[in-house]
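Asks: What follows is target_10.cif, made up of mmCIF, C-alpha atoms:
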```
data_my_file
#
loop_
_atom_site.label_atom_id
_atom_site.label_comp_id
_atom_site.auth_asym_id
_atom_site.auth_seq_id
_atom_site.Cartn_x
_atom_site.Cartn_y
_atom_site.Cartn_z
CA MET A 1 196.46 140.04 131.66
CA GLU A 2 196.67 142.61 128.93
CA SER A 3 200.44 142.56 129.19
CA THR A 4 200.94 139.49 126.98
CA GLY A 5 203.01 140.44 123.98
CA CYS A 6 204.45 143.51 125.69
CA LYS A 7 208.16 144.11 125.38
CA TYR A 8 208.61 145.82 128.76
CA LYS A 9 207.53 145.10 132.32
CA ILE A 10 206.97 147.18 135.41
CA GLY A 11 210.27 148.51 136.76
CA ASP A 12 212.17 148.42 133.47
CA ALA A 13 214.42 151.44 132.95
CA VAL A 14 213.67 152.98 129.56
CA ARG A 15 214.64 155.94 127.42
CA VAL A 16 212.15 157.69 125.14
CA ALA A 17 213.31 158.04 121.54
CA ALA A 18 214.35 161.57 120.53
CA GLU A 19 212.22 161.26 117.44
CA ASN A 20 210.09 158.70 115.68
CA PRO A 21 208.43 160.01 112.51
CA THR A 22 206.18 156.97 112.14
CA GLY A 23 205.36 156.63 115.85
CA ASN A 24 202.20 157.84 117.51
CA PRO A 25 202.32 161.65 117.39
CA ARG A 26 200.77 161.79 120.86
CA THR A 27 204.11 161.64 122.63
CA PRO A 28 204.79 164.93 124.40
CA HIS A 29 207.96 166.75 123.34
CA TYR A 30 209.24 167.37 126.85
CA ILE A 31 209.88 163.64 127.47
CA ARG A 32 211.62 162.90 124.18
CA GLY A 33 215.13 161.60 124.78
CA LYS A 34 214.45 161.37 128.54
CA CYS A 35 214.91 158.46 130.95
CA GLY A 36 212.15 156.92 133.02
CA VAL A 37 210.87 153.71 134.55
CA ILE A 38 207.87 151.64 133.48
CA GLY A 39 205.15 152.19 136.09
CA LEU A 40 202.10 150.58 134.50
CA VAL A 41 201.64 148.20 131.59
CA HIS A 42 198.35 148.82 129.79
CA GLY A 43 198.99 146.57 126.80
CA VAL A 44 197.23 146.99 123.49
CA LEU A 45 194.13 149.11 123.91
CA GLU A 46 191.33 149.34 121.43
CA ASN A 47 189.96 152.84 121.07
CA VAL A 48 187.94 152.96 117.88
CA ARG A 49 186.27 156.29 118.57
CA ASP A 50 189.63 157.93 119.00
CA HIS A 51 191.83 156.72 116.18
CA ARG A 52 192.00 154.29 113.28
CA GLY A 53 193.94 151.05 113.57
CA ILE A 54 195.59 149.66 116.66
CA HIS A 55 198.60 151.23 118.35
CA LYS A 56 201.46 149.26 119.89
CA PRO A 57 201.23 148.41 123.60
CA LEU A 58 200.89 151.37 125.95
CA TYR A 59 202.87 152.02 129.15
CA THR A 60 202.75 154.63 131.87
CA VAL A 61 206.34 155.77 132.26
CA ARG A 62 207.40 157.52 135.45
CA PHE A 63 210.01 160.30 135.18
CA ASP A 64 211.73 162.22 137.94
CA LEU A 65 210.53 165.79 137.65
CA SER A 66 214.15 166.98 137.43
CA GLU A 67 214.68 164.74 134.38
CA VAL A 68 212.01 166.50 132.34
CA SER A 69 212.02 169.99 133.88
CA THR A 70 214.40 172.50 135.43
CA CYS A 71 212.52 172.16 138.75
CA HIS A 72 214.33 170.08 141.35
CA ASP A 73 211.44 169.15 143.66
CA GLN A 74 211.40 165.44 144.48
CA ASP A 75 208.22 164.94 142.47
CA SER A 76 207.41 162.90 139.42
CA ILE A 77 205.63 163.03 136.08
CA CYS A 78 203.90 159.93 134.73
CA VAL A 79 203.25 159.90 130.99
CA ASP A 80 201.49 157.37 128.76
CA VAL A 81 203.83 156.28 125.97
CA HIS A 82 203.46 153.68 123.25
CA GLU A 83 206.05 150.94 122.82
CA GLU A 84 207.58 152.15 119.57
CA TRP A 85 208.90 155.23 121.39
CA LEU A 86 210.72 153.27 124.12
CA ASN A 87 214.12 151.58 124.35
CA LEU A 88 215.65 149.72 127.27
CA ARG A 89 218.42 151.70 128.92
CA GLN A 90 221.81 150.06 128.54
CA ALA A 91 223.74 148.95 131.62
CA GLY A 92 226.02 151.81 132.72
CA GLU A 93 223.85 154.43 131.02
CA ARG A 94 222.99 157.52 133.00
CA ASN A 95 220.44 157.03 135.82
CA MET B 1 171.02 155.88 135.67
CA SER B 2 169.08 156.37 138.86
CA GLY B 3 168.05 159.80 140.08
CA LYS B 4 170.52 160.01 142.90
CA HIS B 5 173.42 159.99 140.45
CA ASN B 6 172.11 163.00 138.65
CA HIS B 7 173.00 165.86 140.90
CA LYS B 8 175.52 168.32 139.57
CA PRO B 9 178.80 169.18 141.27
CA PHE B 10 178.39 171.83 143.92
CA GLU B 11 178.34 175.43 142.75
CA GLY B 12 177.87 178.31 145.08
CA HIS B 13 176.97 181.91 144.46
CA MET B 14 179.50 184.10 142.79
CA HIS B 15 182.15 186.07 144.55
CA ASP B 16 184.19 187.11 141.60
CA PHE B 17 182.33 188.09 138.44
CA GLU B 18 185.52 188.76 136.51
CA ALA B 19 186.66 185.15 137.06
CA HIS B 20 183.32 183.84 135.79
CA ILE B 21 183.39 186.08 132.74
CA ARG B 22 186.91 184.99 131.92
CA ALA B 23 185.89 181.36 132.26
CA VAL B 24 183.09 181.92 129.72
CA GLU B 25 185.47 183.78 127.37
CA GLU B 26 188.09 181.05 127.51
CA ASP B 27 185.60 178.22 127.13
CA LEU B 28 183.68 179.86 124.30
CA GLU B 29 186.83 180.41 122.26
CA TYR B 30 188.02 176.90 123.04
CA TYR B 31 184.80 175.37 121.75
CA ARG B 32 184.64 177.59 118.69
CA ALA B 33 188.29 177.26 117.63
CA LYS B 34 188.93 173.67 118.72
CA ARG B 35 185.67 171.81 118.60
CA PHE B 36 183.41 173.45 116.05
CA GLU B 37 185.18 175.33 113.28
CA PRO B 38 187.86 172.67 112.60
CA ARG B 39 185.02 170.21 112.13
CA ILE B 40 183.33 172.41 109.54
CA ILE B 41 186.64 172.83 107.74
CA TYR B 42 187.22 169.07 107.82
CA LEU B 43 183.83 168.46 106.23
CA ILE B 44 184.28 171.25 103.69
CA ARG B 45 187.64 169.79 102.61
CA ARG B 46 185.86 166.52 101.86
CA GLY B 47 182.81 167.99 100.18
CA VAL B 48 180.40 166.70 102.82
CA VAL B 49 179.23 170.28 103.23
CA THR B 50 180.26 173.23 101.07
CA PHE B 51 180.34 176.98 101.65
CA TYR B 52 177.44 177.20 99.21
CA ASP B 53 175.41 174.74 101.25
CA LEU B 54 175.89 177.11 104.17
CA LEU B 55 174.68 180.05 102.08
CA LYS B 56 171.59 178.12 101.01
CA ALA B 57 170.95 176.96 104.54
CA ARG B 58 171.21 180.52 105.79
CA ALA B 59 168.63 181.62 103.24
CA ALA B 60 166.30 178.76 104.15
CA LEU B 61 166.51 179.47 107.84
CA LYS B 62 165.51 183.12 107.60
CA ARG B 63 164.16 183.90 111.02
CA SER B 64 162.99 180.46 112.10
CA HIS B 65 164.99 178.65 114.75
CA LEU B 66 165.67 174.96 114.72
CA PHE B 67 166.94 174.36 118.22
CA PHE B 68 168.08 177.46 119.96
CA LYS B 69 165.61 179.81 121.50
CA PRO B 70 166.67 183.37 120.79
CA LYS B 71 168.14 184.88 123.91
CA GLN B 72 167.71 188.40 125.13
CA THR B 73 170.11 190.29 127.29
CA GLN B 74 169.00 190.14 130.91
CA GLY B 75 168.35 193.38 132.80
CA ASN B 76 170.97 195.00 134.96
CA ASN B 77 171.67 192.40 137.62
CA ILE B 78 175.26 191.34 136.97
CA GLU B 79 174.99 187.92 138.58
CA ALA B 80 171.86 187.13 136.54
CA ARG B 81 173.62 188.25 133.36
CA VAL B 82 176.68 186.14 134.10
CA ARG B 83 174.54 183.07 134.82
CA HIS B 84 172.66 183.73 131.62
CA LEU B 85 175.94 183.80 129.67
CA GLU B 86 177.00 180.53 131.30
CA GLU B 87 173.73 178.85 130.35
CA TRP B 88 174.01 180.24 126.84
CA LEU B 89 177.53 178.84 126.52
CA ASP B 90 176.23 175.49 127.77
CA GLU B 91 173.60 175.54 125.04
CA TYR B 92 176.27 176.31 122.44
CA VAL B 93 178.43 173.43 123.68
CA LYS B 94 175.47 171.06 123.48
CA GLY B 95 174.82 172.29 119.95
CA ILE B 96 178.37 171.38 118.98
CA ALA B 97 177.87 167.93 120.50
CA LEU B 98 174.72 167.60 118.40
CA VAL B 99 176.38 168.35 115.06
CA SER B 100 179.55 166.47 115.95
CA ALA B 101 177.67 163.22 116.38
CA ARG B 102 176.13 163.57 112.91
CA ALA B 103 179.40 164.64 111.34
CA VAL B 104 181.18 161.65 112.85
CA GLU B 105 178.58 159.29 111.45
CA ALA B 106 178.53 160.96 108.05
CA MET B 107 182.28 160.80 107.60
CA ASP B 108 183.37 157.95 109.86
CA MET B 109 185.46 160.54 111.67
CA VAL B 110 187.60 159.75 114.69
CA THR B 111 188.84 162.13 117.37
CA GLU B 112 192.36 161.97 115.97
CA ASP B 113 191.15 163.57 112.71
CA ASN B 114 189.88 166.54 114.66
CA ARG B 115 193.17 166.86 116.56
CA LYS B 116 195.07 167.09 113.26
CA GLU B 117 192.60 169.49 111.75
CA ARG B 118 192.67 171.86 114.73
CA GLY B 119 196.47 171.96 114.86
CA ASP B 120 197.31 169.89 117.95
CA TYR B 121 200.42 168.65 116.13
CA ASP B 122 201.04 171.56 113.82
CA ASP B 123 200.52 175.22 114.67
CA PHE B 124 199.92 175.96 110.99
CA PHE B 125 196.36 174.67 111.34
CA LYS B 126 195.45 176.46 114.54
CA ILE B 127 192.45 178.76 114.40
CA LYS B 128 193.22 182.02 116.13
CA LYS B 129 191.34 182.65 119.33
CA LYS B 130 189.91 186.04 120.11
CA GLU B 131 191.49 188.26 122.72
CA HIS B 132 189.33 189.93 125.32
CA HIS B 133 189.72 193.50 126.48
CA GLY B 134 187.72 196.24 128.12
CA THR B 135 185.61 196.78 131.18
CA LEU B 136 183.49 194.00 132.62
CA GLU B 137 180.42 195.58 131.02
CA GLU B 138 182.09 195.75 127.61
CA ARG B 139 183.23 192.16 127.90
CA MET B 140 179.73 190.98 128.76
CA VAL B 141 178.28 192.82 125.78
CA ASN B 142 180.96 191.31 123.54
CA LEU B 143 180.19 187.84 124.82
CA GLU B 144 176.49 188.27 124.17
CA GLN B 145 177.24 189.32 120.61
CA ASP B 146 179.73 186.49 120.07
CA LEU B 147 177.31 183.90 121.40
CA ARG B 148 174.60 185.21 119.07
CA ASP B 149 176.97 185.00 116.08
CA TYR B 150 178.50 181.65 116.96
CA GLN B 151 175.14 180.09 117.61
CA GLU B 152 173.83 181.36 114.30
CA LEU B 153 176.63 179.67 112.38
CA LEU B 154 175.99 176.49 114.32
CA GLU B 155 172.34 176.65 113.40
CA VAL B 156 173.09 177.29 109.74
CA PHE B 157 175.43 174.30 109.79
CA VAL B 158 172.69 172.09 111.29
CA GLN B 159 170.31 173.21 108.56
CA ALA B 160 172.95 172.44 105.92
CA LEU B 161 173.38 168.91 107.31
CA ILE B 162 169.64 168.40 106.98
CA GLN B 163 169.48 169.87 103.46
CA ARG B 164 172.34 167.68 102.30
CA GLY B 165 170.56 164.62 103.71
CA TRP B 166 173.15 163.78 106.35
CA SER B 167 170.51 163.97 109.00
CA THR B 168 166.84 164.60 109.54
CA ARG B 169 165.22 167.16 111.74
CA GLU B 170 163.61 164.32 113.75
CA GLN B 171 166.95 162.60 114.40
CA LEU B 172 168.48 165.84 115.52
CA GLN B 173 165.55 166.76 117.72
CA GLN B 174 165.67 163.39 119.41
CA ARG B 175 169.40 163.74 120.04
CA TRP B 176 168.88 167.30 121.25
CA ARG B 177 166.41 166.08 123.87
CA GLN B 178 168.83 163.34 124.97
CA LEU B 179 171.61 165.88 125.35
CA HIS B 180 169.44 167.82 127.77
CA GLU B 181 168.58 164.72 129.80
CA GLU B 182 172.10 163.36 130.09
CA ARG B 183 173.89 164.00 133.32
CA SER B 184 177.27 162.41 133.37
CA TRP B 185 178.54 163.79 136.69
CA ALA B 186 179.04 160.67 138.78
CA GLY B 187 182.21 161.79 140.57
CA GLY B 188 180.57 162.34 143.95
CA VAL B 189 178.85 158.97 144.26
CA ILE B 190 181.86 157.03 143.03
CA VAL B 191 184.22 158.68 145.51
CA ALA B 192 181.77 158.44 148.43
CA LYS B 193 181.37 154.72 147.82
CA ALA B 194 185.13 154.23 147.62
CA TRP B 195 185.49 156.04 150.97
CA THR B 196 182.96 153.79 152.69
CA ASP B 197 183.42 150.45 150.95
CA PRO B 198 187.00 149.10 150.95
CA ALA B 199 186.20 146.23 148.58
CA PHE B 200 184.74 148.66 146.06
CA LYS B 201 187.71 150.96 146.43
CA GLN B 202 190.08 148.09 145.71
CA ALA B 203 188.06 147.11 142.65
CA LEU B 204 187.94 150.71 141.43
CA LEU B 205 191.69 151.15 141.74
CA SER B 206 192.51 147.85 140.06
CA THR B 207 189.80 147.51 137.40
CA GLY B 208 188.49 151.03 136.70
CA ARG B 209 185.36 150.86 134.60
CA GLU B 210 184.55 147.27 135.57
CA ALA B 211 183.97 148.40 139.14
CA LEU B 212 181.56 151.09 137.94
CA ARG B 213 179.52 148.54 136.05
CA GLU B 214 179.03 146.51 139.21
CA MET B 215 178.09 149.65 141.09
CA GLY B 216 175.40 150.44 138.54
CA VAL B 217 176.86 153.83 137.70
CA HIS B 218 177.07 154.99 134.12
CA GLN B 219 180.49 153.64 133.21
CA GLY B 220 181.30 155.75 130.20
CA LYS B 221 183.10 154.66 127.08
CA VAL B 222 186.05 156.96 126.52
CA GLY B 223 189.24 154.89 126.71
CA LYS B 224 190.53 152.81 129.60
CA LEU B 225 189.85 154.33 133.02
CA VAL B 226 192.55 154.50 135.68
CA VAL B 227 191.79 155.91 139.13
CA VAL B 228 194.79 157.04 141.20
CA GLU B 229 194.52 157.36 144.96
CA ASN B 230 195.70 160.32 147.00
CA THR B 231 197.24 159.31 150.32
CA ASP B 232 199.30 160.93 153.07
CA LYS B 233 202.37 160.11 150.94
CA VAL B 234 201.26 160.94 147.42
CA HIS B 235 199.26 163.78 145.87
CA ASN B 236 198.19 162.95 142.33
CA VAL B 237 197.30 165.53 139.69
CA ILE B 238 195.91 164.95 136.20
CA VAL B 239 196.65 166.85 133.00
CA CYS B 240 196.69 166.31 129.27
CA THR B 241 199.52 168.43 127.88
CA LEU B 242 198.76 167.58 124.25
CA CYS B 243 195.11 168.54 124.20
CA SER B 244 192.65 168.11 127.05
CA CYS B 245 191.80 164.40 127.46
CA TYR B 246 189.48 164.04 130.43
CA PRO B 247 186.99 161.33 131.52
CA TYR B 248 184.09 163.63 130.65
CA ASP B 249 181.84 160.63 130.13
CA ILE B 250 181.94 160.07 133.90
CA LEU B 251 182.86 163.44 135.35
CA GLY B 252 180.84 165.70 133.04
CA ASP B 253 182.08 168.88 131.38
CA THR B 254 185.81 169.49 131.49
CA PRO B 255 186.67 172.48 133.70
CA TRP B 256 187.76 175.40 131.54
CA TRP B 257 191.18 175.80 133.20
CA TYR B 258 192.01 172.15 132.47
CA LYS B 259 191.98 173.05 128.76
CA HIS B 260 193.97 176.26 129.26
CA GLU B 261 197.52 176.37 127.97
CA SER B 262 198.98 177.87 131.12
CA TYR B 263 197.73 174.96 133.27
CA ARG B 264 198.83 172.40 130.70
CA THR B 265 202.37 173.74 130.49
CA GLN B 266 203.00 174.82 134.08
CA ILE B 267 201.74 171.73 135.88
CA VAL B 268 204.48 169.56 134.33
CA GLN B 269 207.20 172.20 134.73
CA ASN B 270 206.70 173.07 138.36
CA PRO B 271 203.71 171.23 139.82
CA ARG B 272 203.87 172.69 143.33
CA ALA B 273 204.17 176.27 142.15
CA CYS B 274 201.34 175.73 139.66
CA LEU B 275 199.02 174.31 142.34
CA ARG B 276 199.93 177.15 144.69
CA ASN B 277 199.56 179.98 142.18
CA MET B 278 196.52 178.82 140.29
CA PHE B 279 194.52 177.04 142.95
CA GLY B 280 195.91 178.25 146.26
CA LEU B 281 196.74 174.64 147.07
CA GLU B 282 199.79 173.98 149.19
CA VAL B 283 200.94 170.34 149.11
CA SER B 284 202.96 169.48 152.21
CA ALA B 285 206.66 168.79 151.77
CA GLY B 286 206.15 165.26 153.10
CA LYS B 287 204.06 164.28 150.10
CA GLU B 288 205.28 163.46 146.64
CA VAL B 289 203.39 165.17 143.83
CA GLN B 290 202.74 162.80 140.95
CA VAL B 291 201.43 164.36 137.77
CA TYR B 292 199.71 162.06 135.28
CA ASP B 293 199.95 163.35 131.73
CA SER B 294 197.34 161.35 129.90
CA THR B 295 196.96 160.64 126.24
CA SER B 296 193.69 159.61 124.72
CA ASP B 297 193.84 155.86 125.35
CA VAL B 298 193.78 156.07 129.14
CA ARG B 299 191.68 158.59 131.08
CA TYR B 300 192.51 159.31 134.68
CA PHE B 301 190.86 160.74 137.72
CA VAL B 302 191.99 161.18 141.29
CA LEU B 303 190.43 159.49 144.30
CA PRO B 304 190.83 162.30 146.86
CA GLU B 305 191.53 161.67 150.52
CA CYS B 306 188.47 161.50 152.74
CA PRO B 307 188.35 164.75 154.74
CA ALA B 308 188.41 164.88 158.53
CA GLY B 309 185.17 165.08 160.49
CA THR B 310 183.15 162.78 158.26
CA GLU B 311 182.62 159.88 160.68
CA GLY B 312 179.12 158.46 160.51
CA MET B 313 178.11 160.45 157.43
CA THR B 314 175.96 158.76 154.79
CA GLU B 315 177.28 158.13 151.29
CA GLU B 316 174.85 160.69 149.99
CA ALA B 317 176.19 163.38 152.32
CA LEU B 318 179.79 162.40 151.58
CA ALA B 319 179.18 162.69 147.84
CA LYS B 320 178.43 166.40 148.34
CA LEU B 321 181.95 166.99 149.65
CA VAL B 322 183.49 165.94 146.35
CA THR B 323 184.40 168.82 144.04
CA VAL B 324 185.49 168.69 140.43
CA ASP B 325 188.85 170.16 141.41
CA SER B 326 189.47 167.37 143.91
CA LEU B 327 189.05 164.76 141.15
CA VAL B 328 191.81 166.34 139.11
CA GLY B 329 194.10 166.94 142.09
CA ALA B 330 193.70 170.72 141.93
CA GLY B 331 191.97 170.75 145.32
CA TYR B 332 190.96 168.64 148.27
CA ALA B 333 187.51 167.30 149.02
CA LEU B 334 185.61 169.72 151.28
CA GLU B 335 185.44 169.21 155.01
CA PRO B 336 181.83 169.08 156.23
CA SER B 337 182.25 172.44 157.97
CA GLN B 338 183.57 174.02 154.74
CA ARG B 339 180.60 172.69 152.84
CA ARG B 340 178.18 174.05 155.47
CA GLU B 341 179.87 177.43 155.54
CA ALA B 342 179.81 177.59 151.76
CA GLU B 343 176.10 176.88 151.68
CA GLN B 344 175.34 179.41 154.39
CA SER B 345 177.45 182.18 152.97
CA GLY B 346 176.10 181.52 149.51
CA GLY B 347 179.11 179.97 147.84
CA LEU B 348 182.64 178.65 147.77
CA PRO B 349 185.44 181.15 147.74
CA GLU B 350 186.70 181.08 144.21
CA ALA B 351 190.34 180.41 143.57
CA PRO B 352 192.02 182.78 141.10
CA ARG B 353 192.68 179.86 138.77
CA VAL B 354 194.62 180.41 135.62
CA ARG B 355 196.17 183.84 135.27
CA PRO B 356 196.51 185.57 131.93
CA ASP B 357 199.80 184.69 130.24
#
```
In structure tokens, how does this file's structure come out?
Replies:
Amino acid sequence: MESTGCKYKIGDAVRVAAENPTGNPRTPHYIRGKCGVIGLVHGVLENVRDHRGIHKPLYTVRFDLSEVSTCHDQDSICVDVHEEWLNLRQAGERN
Amino acid sequence: MSGKHNHKPFEGHMHDFEAHIRAVEEDLEYYRAKRFEPRIIYLIRRGVVTFYDLLKARAALKRSHLFFKPKQTQGNNIEARVRHLEEWLDEYVKGIALVSARAVEAMDMVTEDNRKERGDYDDFFKIKKKEHHGTLEERMVNLEQDLRDYQELLEVFVQALIQRGWSTREQLQQRWRQLHEERSWAGGVIVAKAWTDPAFKQALLSTGREALREMGVHQGKVGKLVVVENTDKVHNVIVCTLCSCYPYDILGDTPWWYKHESYRTQIVQNPRACLRNMFGLEVSAGKEVQVYDSTSDVRYFVLPECPAGTEGMTEEALAKLVTVDSLVGAGYALEPSQRREAEQSGGLPEAPRVRPD
């Protein structure tokens, strides 16, 4: 599996960092500081046509729509986020 | 790629000229301001090409044409003129692909460089897009003039690449022919096979590109591929809010609205309202809408639900029910009766799509 060496596993509750100046800039602003759950573990992906060097492992993080928007439909938004942007949520933390 | 994979997604006759003209306007400005001009600026910054090379190239070109046949405005038939503009735009987009490949090789450029240069992360760098006003006739005349101008700059740039020794005319001509032969639309055959072959479907959902290799379909090369399945419980939709990442290597040209800011912002703010307002698509309350916001490393497409009334149909016939919209989650696959009606009446009813902001 590609998931060797990955810090998080499917189902882990995570929070996206509010900022990370040295992290991959391709982290949308609307999920920064928000809570989600790891939905897919992609691992380290090579993508030489796209960018130089290798990014940290990549995850698809699932957010409740109401966490990232003012809309309260029971829908969800899944966003690809690299590991350096994610932290495990502490026990007792919101959600 | 075998011949049967080469058909294009279904397009009917036009019902709404204004919508087609707006699609050309939006796409043309997107390609100019996001794909072409930032690339020239990138190369000028690094001295690969200079403004003075462009002047010299312009002088050398005079009236000869390297790749683009000069186009004349077509008569008075509006539909013919609109089609002509769409083909012209397609030629312009191919021209950008042509010079991009050489620029990438000359400078060891990666996509991320272009994103920085065109202001994806910093508005300071954004190239202003043109606004469009006037009657339909005035807008068509403007588009014809813009296409003439934009194509001329593209051609001058090609000539400059040759004069600076970054490419030869032969290399470019060979690539130009390839660009006209390539047909990357494989959405229909992939989905039809997944509908009829459960083992393939399983492989597609779990391994992405690997499954395409076994199927003998062009498997593309742009990032990891993830296919998400629509069911009676979940309706998936794809977007790229940061730019417009799309598995174009498998699904062909990105639909213009997918690149439009209003789709990219609204679909993650209120997915149901966005689908309803832009595409006339009502997702039942019993289904969860799941929006996938992709970044460049993973590309997504949707495996739509198989429509009713398709029992006993061949894969080839099923493939014709698959629309581009259905692969992004902005529509459903057509029912056979809808497809027949569309063919008989001369086209699909066109959804209003993205409204002006």
Asks: Counting all atoms listed in the file, which residue out of B:Glu117, B:Glu261, B:Glu316, B:Asp297 sits closest to A:Tyr59?
Replies: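 Result for the nearest residue to A:Tyr59: B:Asp297.
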Asks: With a distance threshold of 7 Å and counting only C-alpha atoms, extract the residues of chain A near chain B and express them as a list in words.
Replies: Arg26, Pro28, Leu45, Asn47, Arg49, Asp50, His51, Ser69, Cys71, Gln74, Asp75, Ser76, Ile77, Cys78, Val79 and Asp80 of chain A
Asks: Hey, which of B:Leu28, B:Val217, B:Phe301, B:Ile250 ends up closest to B:Leu205? Count all atoms listed in the file.
Replies: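 The closest residue to B:Leu205 is B:Phe301.
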Asks: If I take atom CA of A:Lys56 and atom CA of A:Asn24, how far is one from the other in Å, to one decimal?
Replies: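 The value is 8.9 Å.
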Asks: Could you jot down the atom CA of B:Met278 to atom CA of B:Glu343 separation for me, Å, one decimal place?
Replies: 23.5 Å
Asks: What is the atom CA of B:Ala319 to atom CA of B:Met215 distance in Å?
Replies: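 Computing the Euclidean distance for atom CA of B:Ala319 and atom CA of B:Met215 yields 14.7 Å.
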Asks: For B:Lys34, which of B:Arg299, B:Arg118, B:His84, B:His260 is the closest residue, counting all atoms listed in the file?
Replies: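 For B:Lys34, the nearest of the given residues is B:Arg118.
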Asks: Give as a PyMOL selection string the residues that the PyMOL selection byres ((chain A and resi 43) around 10) matches when applied to the coordinates above.
Replies: chain A and resi 1-8+40-42+44-46+55-59+82-83
Asks: May I have the residues from that selection written out with C-alpha atoms, as a CSV table (one decimal), keeping the file's coordinate frame?
Replies:
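Contents of part30.csv, freshly written:
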```csv
chain,number,residue,atom,x,y,z
A,1,MET,CA,196.5,140.0,131.7
A,2,GLU,CA,196.7,142.6,128.9
A,3,SER,CA,200.4,142.6,129.2
A,4,THR,CA,200.9,139.5,127.0
A,5,GLY,CA,203.0,140.4,124.0
A,6,CYS,CA,204.4,143.5,125.7
A,7,LYS,CA,208.2,144.1,125.4
A,8,TYR,CA,208.6,145.8,128.8
A,40,LEU,CA,202.1,150.6,134.5
A,41,VAL,CA,201.6,148.2,131.6
A,42,HIS,CA,198.4,148.8,129.8
A,44,VAL,CA,197.2,147.0,123.5
A,45,LEU,CA,194.1,149.1,123.9
A,46,GLU,CA,191.3,149.3,121.4
A,55,HIS,CA,198.6,151.2,118.4
A,56,LYS,CA,201.5,149.3,119.9
A,57,PRO,CA,201.2,148.4,123.6
A,58,LEU,CA,200.9,151.4,126.0
A,59,TYR,CA,202.9,152.0,129.2
A,82,HIS,CA,203.5,153.7,123.2
A,83,GLU,CA,206.0,150.9,122.8
```
Asks: Hey, which of A:Ala91, A:Ala13, A:Ile38, A:Ile31 ends up closest to A:Arg62? Count all atoms listed in the file.
Replies: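 Checking each candidate against A:Arg62, we get A:Ile38 as the closest.
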Asks: From the options B:Lys193, B:Arg102, B:Lys259, B:Arg148, which residue's atoms come nearest to B:Val322, counting only C-alpha atoms?
Replies: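 Checking each candidate against B:Val322, we get B:Lys193 as the closest.
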Asks: Please expand the PyMOL selection byres ((chain B and resi 321) around 7) into the concrete residues it hits in this file, giving the result as a list of chain:residue names.
Replies: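 Answer for the PyMOL selection byres ((chain B and resi 321) around 7): B:Leu318, B:Ala319, B:Lys320, B:Val322, B:Thr323, B:Ala333, B:Leu334, B:Glu335, B:Pro336, B:Arg339.
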Asks: Go ahead and write the residues just picked, C-alpha atoms, as a CSV table (one decimal), keeping the file's coordinate frame.
Replies:
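Printed below is out_12.csv as written:
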```csv
chain,number,residue,atom,x,y,z
B,318,LEU,CA,179.8,162.4,151.6
B,319,ALA,CA,179.2,162.7,147.8
B,320,LYS,CA,178.4,166.4,148.3
B,322,VAL,CA,183.5,165.9,146.4
B,323,THR,CA,184.4,168.8,144.0
B,333,ALA,CA,187.5,167.3,149.0
B,334,LEU,CA,185.6,169.7,151.3
B,335,GLU,CA,185.4,169.2,155.0
B,336,PRO,CA,181.8,169.1,156.2
B,339,ARG,CA,180.6,172.7,152.8
```
